[in-house]
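The structure under discussion appears below in the form of structure tokens.
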Amino acid sequence: MFPLIGLIVGLIIGLLLNVNIPDAYSSYVAVGILAAIDSVIGALTANLQNRFNFRLFLTGFIGNSAIAVLLAALGDQLDLQLSLAAVFAFGNRIFINFSTIRRLMLERWDERKRKAVPPAED
């Protein structure tokens with residue numbers, strides 16, 4: 001629940017504050033945000049599976065964001081699009097975690113419907 005609240009608060013603050021990112025840093029910010037979104041979606045998945053650990057979330061959030069930004073910076077130094085590796089990796093994990101969240105939510109929905117409907121008497 002904390003990651004979702006943090007995401008919502010961060011989005012609200014980001015929309016209220018008009019922060020301009022220089023074009024030179026936009027790719028770094030983009031992959032950093034993508035890594036952060038991946039961490040938040042992963043935390044939501046872990047929370048639904050009753051496996052959420054704040055220390056794992058925090059270290060993954062910071063570590064994944066740092067690796068993504070460093071990969072983008074290295075790519076700029078080598079004149080390669082290494083940031084695409086981060087985009088593909090985090091994008092893939094976001095979709096996988098979203099499908100897991102969807103499956104878990106549908107299973108819970110079905111379980112609640114089964115409990116709400118009394119068995120038919122013959």
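By convention here, the chains of the structure tokens are called A, B, ... in the order presented, each chain's residues are numbered starting at 1, and ligands are numbered starting at 1 in the order presented.
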>> Using only C-alpha atoms, which protein or nucleic acid residues come within 12 Å of segment 60-76 of chain A? Drop anything in the same chain fewer than 6 positions from it, and give the result as a PyMOL selection string.
In response: chain A and resi 3+24-43+53-54+82-90
Emit the selected residues as an mmCIF file, in the first residue's frame, including N, CA and C atoms.
data_model
loop_
_atom_site.group_PDB
_atom_site.id
_atom_site.type_symbol
_atom_site.label_atom_id
_atom_site.label_comp_id
_atom_site.auth_asym_id
_atom_site.auth_seq_id
_atom_site.Cartn_x
_atom_site.Cartn_y
_atom_site.Cartn_z
ATOM 1 N N PRO A 3 3.841 1.822 -1.419
ATOM 2 C CA PRO A 3 4.341 2.227 -2.738
ATOM 3 C C PRO A 3 3.278 2.947 -3.566
ATOM 4 N N ALA A 24 19.342 17.719 -22.237
ATOM 5 C CA ALA A 24 20.536 16.878 -22.086
ATOM 6 C C ALA A 24 20.325 15.774 -21.047
ATOM 7 N N TYR A 25 19.432 15.990 -20.080
ATOM 8 C CA TYR A 25 19.208 15.017 -19.007
ATOM 9 C C TYR A 25 17.903 14.243 -19.162
ATOM 10 N N SER A 26 17.162 14.505 -20.206
ATOM 11 C CA SER A 26 15.835 13.885 -20.330
ATOM 12 C C SER A 26 15.900 12.364 -20.446
ATOM 13 N N SER A 27 16.902 11.828 -21.137
ATOM 14 C CA SER A 27 16.983 10.362 -21.251
ATOM 15 C C SER A 27 17.322 9.734 -19.908
ATOM 16 N N TYR A 28 18.158 10.414 -19.099
ATOM 17 C CA TYR A 28 18.498 9.896 -17.778
ATOM 18 C C TYR A 28 17.269 9.894 -16.867
ATOM 19 N N VAL A 29 16.540 10.974 -16.910
ATOM 20 C CA VAL A 29 15.336 11.077 -16.082
ATOM 21 C C VAL A 29 14.304 10.038 -16.534
ATOM 22 N N ALA A 30 14.179 9.860 -17.837
ATOM 23 C CA ALA A 30 13.186 8.913 -18.362
ATOM 24 C C ALA A 30 13.472 7.485 -17.900
ATOM 25 N N VAL A 31 14.721 7.021 -18.014
ATOM 26 C CA VAL A 31 15.016 5.649 -17.591
ATOM 27 C C VAL A 31 14.967 5.528 -16.074
ATOM 28 N N GLY A 32 15.314 6.596 -15.374
ATOM 29 C CA GLY A 32 15.193 6.578 -13.908
ATOM 30 C C GLY A 32 13.745 6.446 -13.476
ATOM 31 N N ILE A 33 12.857 7.189 -14.131
ATOM 32 C CA ILE A 33 11.425 7.095 -13.820
ATOM 33 C C ILE A 33 10.889 5.714 -14.169
ATOM 34 N N LEU A 34 11.310 5.179 -15.308
ATOM 35 C CA LEU A 34 10.862 3.839 -15.703
ATOM 36 C C LEU A 34 11.304 2.792 -14.682
ATOM 37 N N ALA A 35 12.528 2.907 -14.188
ATOM 38 C CA ALA A 35 13.016 1.986 -13.157
ATOM 39 C C ALA A 35 12.212 2.138 -11.873
ATOM 40 N N ALA A 36 11.877 3.376 -11.518
ATOM 41 C CA ALA A 36 11.086 3.616 -10.313
ATOM 42 C C ALA A 36 9.687 3.030 -10.461
ATOM 43 N N ILE A 37 9.077 3.207 -11.622
ATOM 44 C CA ILE A 37 7.742 2.629 -11.858
ATOM 45 C C ILE A 37 7.804 1.114 -11.776
ATOM 46 N N ASP A 38 8.869 0.528 -12.332
ATOM 47 C CA ASP A 38 9.039 -0.926 -12.239
ATOM 48 C C ASP A 38 9.102 -1.371 -10.792
ATOM 49 N N SER A 39 9.827 -0.632 -9.964
ATOM 50 C CA SER A 39 9.931 -0.987 -8.542
ATOM 51 C C SER A 39 8.587 -0.876 -7.841
ATOM 52 N N VAL A 40 7.824 0.167 -8.148
ATOM 53 C CA VAL A 40 6.515 0.350 -7.513
ATOM 54 C C VAL A 40 5.546 -0.755 -7.943
ATOM 55 N N ILE A 41 5.523 -1.078 -9.216
ATOM 56 C CA ILE A 41 4.641 -2.151 -9.694
ATOM 57 C C ILE A 41 5.070 -3.487 -9.090
ATOM 58 N N GLY A 42 6.375 -3.721 -8.985
ATOM 59 C CA GLY A 42 6.871 -4.935 -8.336
ATOM 60 C C GLY A 42 6.482 -4.995 -6.873
ATOM 61 N N ALA A 43 6.513 -3.848 -6.196
ATOM 62 C CA ALA A 43 6.108 -3.805 -4.789
ATOM 63 C C ALA A 43 4.611 -4.092 -4.639
ATOM 64 N N ASN A 53 8.491 -6.501 1.265
ATOM 65 C CA ASN A 53 9.542 -6.200 2.224
ATOM 66 C C ASN A 53 10.042 -4.791 1.898
ATOM 67 N N PHE A 54 9.896 -3.870 2.843
ATOM 68 C CA PHE A 54 10.243 -2.478 2.576
ATOM 69 C C PHE A 54 11.716 -2.308 2.237
ATOM 70 N N LEU A 82 22.455 2.524 -25.048
ATOM 71 C CA LEU A 82 22.380 1.532 -23.978
ATOM 72 C C LEU A 82 21.152 1.737 -23.104
ATOM 73 N N SER A 83 20.589 2.925 -23.120
ATOM 74 C CA SER A 83 19.381 3.158 -22.331
ATOM 75 C C SER A 83 18.225 2.295 -22.822
ATOM 76 N N LEU A 84 18.292 1.855 -24.081
ATOM 77 C CA LEU A 84 17.238 0.969 -24.599
ATOM 78 C C LEU A 84 17.224 -0.368 -23.866
ATOM 79 N N ALA A 85 18.383 -0.813 -23.396
ATOM 80 C CA ALA A 85 18.424 -2.065 -22.618
ATOM 81 C C ALA A 85 17.595 -1.914 -21.351
ATOM 82 N N ALA A 86 17.718 -0.773 -20.693
ATOM 83 C CA ALA A 86 16.926 -0.519 -19.487
ATOM 84 C C ALA A 86 15.447 -0.415 -19.838
ATOM 85 N N VAL A 87 15.139 0.263 -20.930
ATOM 86 C CA VAL A 87 13.744 0.416 -21.346
ATOM 87 C C VAL A 87 13.121 -0.953 -21.605
ATOM 88 N N PHE A 88 13.806 -1.824 -22.316
ATOM 89 C CA PHE A 88 13.261 -3.151 -22.601
ATOM 90 C C PHE A 88 13.140 -3.988 -21.334
ATOM 91 N N ALA A 89 14.170 -3.965 -20.491
ATOM 92 C CA ALA A 89 14.150 -4.789 -19.277
ATOM 93 C C ALA A 89 13.045 -4.340 -18.328
ATOM 94 N N PHE A 90 12.998 -3.049 -18.032
ATOM 95 C CA PHE A 90 11.987 -2.565 -17.087
ATOM 96 C C PHE A 90 10.589 -2.620 -17.693
#
>> Measuring between only C-alpha atoms, which one of A:Glu121, A:Leu11, A:Ala46, A:Gly6 shows the shortest distance to Thr100 of chain A?
In response: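 Closest to Thr100 of chain A of all the choices is A:Ala46.
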> Suppose you want the space between atom CA of Ile101 of chain A and atom CA of Asn47 of chain A; what is it in Å?
Replying inline: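 Atom CA of Ile101 of chain A sits 9.7 Å away from atom CA of Asn47 of chain A.
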>> Using DSSP secondary structure from the backbone, list all alpha helix (DSSP H) positions within chain A, as a PyMOL selection string.
In response: chain A and resi 2-16+26-48+54-78+83-116
Compile a residue-level contact table for segment 12-95 of chain A against segment 105-118 of chain A at a cut-off of 12 Å, reporting for every qualifying residue the shortest atom pair and its distance in Å to one decimal, with only C-alpha atoms counted, rows ordered by chain and ascending number, as a tab-separated table.
residue	atom	partner	partner_atom	distance
A:Leu44	CA	A:Met105	CA	11.4
A:Thr45	CA	A:Met105	CA	10.2
A:Asn47	CA	A:Met105	CA	11.8
A:Leu48	CA	A:Met105	CA	8.3
A:Gln49	CA	A:Met105	CA	10.5
